[in-house]
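Asks: A single structure is presented below for examination.
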Amino acid sequence: MGHEGAGHIKGKALAARRGHSLPRALVALVSALSLVVVAVVTLLVIGSDDDGPQRSATTDAGENAAAPTDAPSTTVAPTTTAATVPPTTRPPRDLGRLMLVGDSVAATLTKPLAFHAKARGIPYNDQTVPGCGMITGLPTAGPTEPPVPWAATCEQAVLDSQPGLAIRRSAGTVLWLSSWETADRWVDGSVLVFGTPEGDARLLELMEQARARILAGSDALLVLVKAAPNAAMSQRGPADENNVERMVHLNELFDRFAATHPVDTRVLDMVALVCPGGPPCPPVVDGVELRPVDGGHFSDAGAAWVVPRLLDEIVAVAS
């Protein structure tokens, strides 16, 4: 459940983990409020897609071009056309319209992103859903626990909002920022345990499905943001070691996933900005306490500090 849910679940190290303790009472209250927010935002998300399909704002010339192989060394004229080689990398490109999608961590960045993107002449919109991740399945507090109460609402929001999202919102670059993918989750009646070979394989499949839905019909670039683990200390106390390891592992899976889609999927390493040197992540960076409340969500000051640097990285990733 990443910064929002699993950030409050205590446990042993990832490799040995087989269970979780229940969330604290405060988390239960936040969870109940999240259910209300999810239901409202889901209606807004579905309603925002009524403007009909549109072509992506950015089209890359030559992306689908393929180079012919060398002609066979023979005096006999070939009877078939030469084989073609598909592209293996995406050429440098403009961002087009930048679109941020993700959970409540992403939502803490939306206002400064809109401001700074406009200042740089970058079209921008967002579709964040607090309390929800980017893939299907029902997140749970642990392999022996039922799904969180709002899990089914989140799954339906994903299925309703993602198909053709990039082309419907004229996005040239889709920025994916979510930490809920670190959760164990129920899929087709069984629990997938994050960090196990079986759980990781299925998670990558679910990401594959989400990518296909979001990019369907478009030539948009998908950028997976490698989010930093929780700050070592916040107002809620020290970061949970297990959840730090989970976020590190999710970022490793992002690298693996992007490597299988070199044309339209890349990663952006926000860890280097927010957590220089890697975990344990300092609470204060460059004199600014970035994530003071729970170690995961950005404060207004933290968001104002990180967004201009994040935009620099987004431009670099696309080029």
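Ordering of the structure tokens sets the chain letters (A, B, ...); residue numbers start at 1 within each chain; ligands are numbered from 1 in the order shown.
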Determine, using only C-alpha atoms, which residues of segment 206-266 of chain A have any atom at most 8 Å from an atom of segment 169-172 of chain A, and tabulate each with its shortest atom pair and distance in Å to one decimal place, rows ordered by chain and then rising number, as CSV.
Replies:
```
residue,atom,partner,partner_atom,distance
A:Asp219,CA,A:Gly172,CA,7.3
A:Ala220,CA,A:Gly172,CA,4.5
A:Leu221,CA,A:Gly172,CA,6.3
```
Asks: Do you know which residues are at most 10 Å from Leu268 of chain A counting only C-alpha atoms, after dropping those on the same chain fewer than 2 positions away, and could you put them as a list in words?
Replies: Leu175, Trp176, Leu177, Val223, Leu224, Val225, Lys226, Ala227, Asn251, Phe254, Asp255, Arg266, Met270, Val271, Ala272, Leu310, Glu313, Ile314, Ala316, Val317 and Ala318 of chain A
Asks: Just the residues within 9 Å of Arg236 of chain A, please, counting only C-alpha atoms, with nothing from its chain fewer than 6 positions along; format it as a list in words.
Replies: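 Using only C-alpha atoms, the neighbours found are Pro292, Val293, Asp294 and Gly295 of chain A.
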Asks: Extract, using only C-alpha atoms, all DNA, RNA and protein residues at most 9 Å from Cys281 of chain A, discarding same-chain residues fewer than 5 positions from it, and format them as number ranges by chain.
Replies: A: 228-233, 271, 274-276
Asks: Can I get the selection written as a PDB file, in the first residue's frame, with C-alpha atoms?
Replies:
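Output below, filename out.pdb:
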```pdb
ATOM      1  CA  ALA A 228      11.505   7.549  -2.730  1.00  0.00           C
ATOM      2  CA  PRO A 229      10.883   5.353   0.322  1.00  0.00           C
ATOM      3  CA  ASN A 230       9.471   7.157   3.349  1.00  0.00           C
ATOM      4  CA  ALA A 231      11.717   9.613   5.144  1.00  0.00           C
ATOM      5  CA  ALA A 232      13.650   8.046   7.992  1.00  0.00           C
ATOM      6  CA  MET A 233      11.747  10.169  10.519  1.00  0.00           C
ATOM      7  CA  VAL A 271      14.763   8.884  -5.453  1.00  0.00           C
ATOM      8  CA  VAL A 274      14.235  13.229  -2.589  1.00  0.00           C
ATOM      9  CA  CYS A 275      16.577  10.636  -1.102  1.00  0.00           C
ATOM     10  CA  PRO A 276      20.120  11.452  -2.243  1.00  0.00           C
TER      11      PRO A 276
END
```
Asks: From the set A:Leu250, A:Gly217, A:Gly102, A:Val267, which residue has the shortest atom-to-atom contact distance to Gly164 of chain A, counting only C-alpha atoms?
Replies: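 Ranking A:Leu250, A:Gly217, A:Gly102, A:Val267 by distance to Gly164 of chain A, first place goes to A:Gly217.
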Asks: Can I get the residues of segment 198-283 of chain A within 12 Å of segment 137-155 of chain A, each with the closest pair of atoms and their distance in Å to one decimal, using only C-alpha atoms, sorted chain first then ascending number, as CSV?
Replies:
```
residue,atom,partner,partner_atom,distance
A:Gly199,CA,A:Pro143,CA,11.2
A:Arg202,CA,A:Gly137,CA,10.3
A:Leu203,CA,A:Gly137,CA,9.4
A:Glu205,CA,A:Gly137,CA,11.4
A:Leu206,CA,A:Gly137,CA,8.3
A:Met207,CA,A:Gly137,CA,11.0
A:Gln209,CA,A:Gly137,CA,11.7
A:Ala210,CA,A:Glu155,CA,11.3
A:Asn243,CA,A:Ala141,CA,11.9
```
Asks: One decimal, Å: what's the distance from atom CA of Gly237 of chain A over to atom CA of Arg291 of chain A, could you say?
Replies: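 Pair atom CA of Gly237 of chain A / atom CA of Arg291 of chain A returns 12.3 Å.
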Asks: For atom CA of Glu245 of chain A and atom CA of Ala259 of chain A, quote the distance in Å rounded to one decimal.
Replies: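 Value for the atom CA of Glu245 of chain A-atom CA of Ala259 of chain A distance: 21.6 Å.
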Asks: Can you tell me, as a PyMOL selection string, which residues in segment 76-251 of chain A count as helix (DSSP H, G or I) by DSSP?
Replies: chain A and resi 104-107+110-119+151-161+165-168+180-182+197-215+241-251
Asks: Quick one: of A:Phe194, A:Phe115, A:Tyr124, A:Trp305, who's nearest to Leu290 of chain A, counting only C-alpha atoms?
Replies: A:Trp305
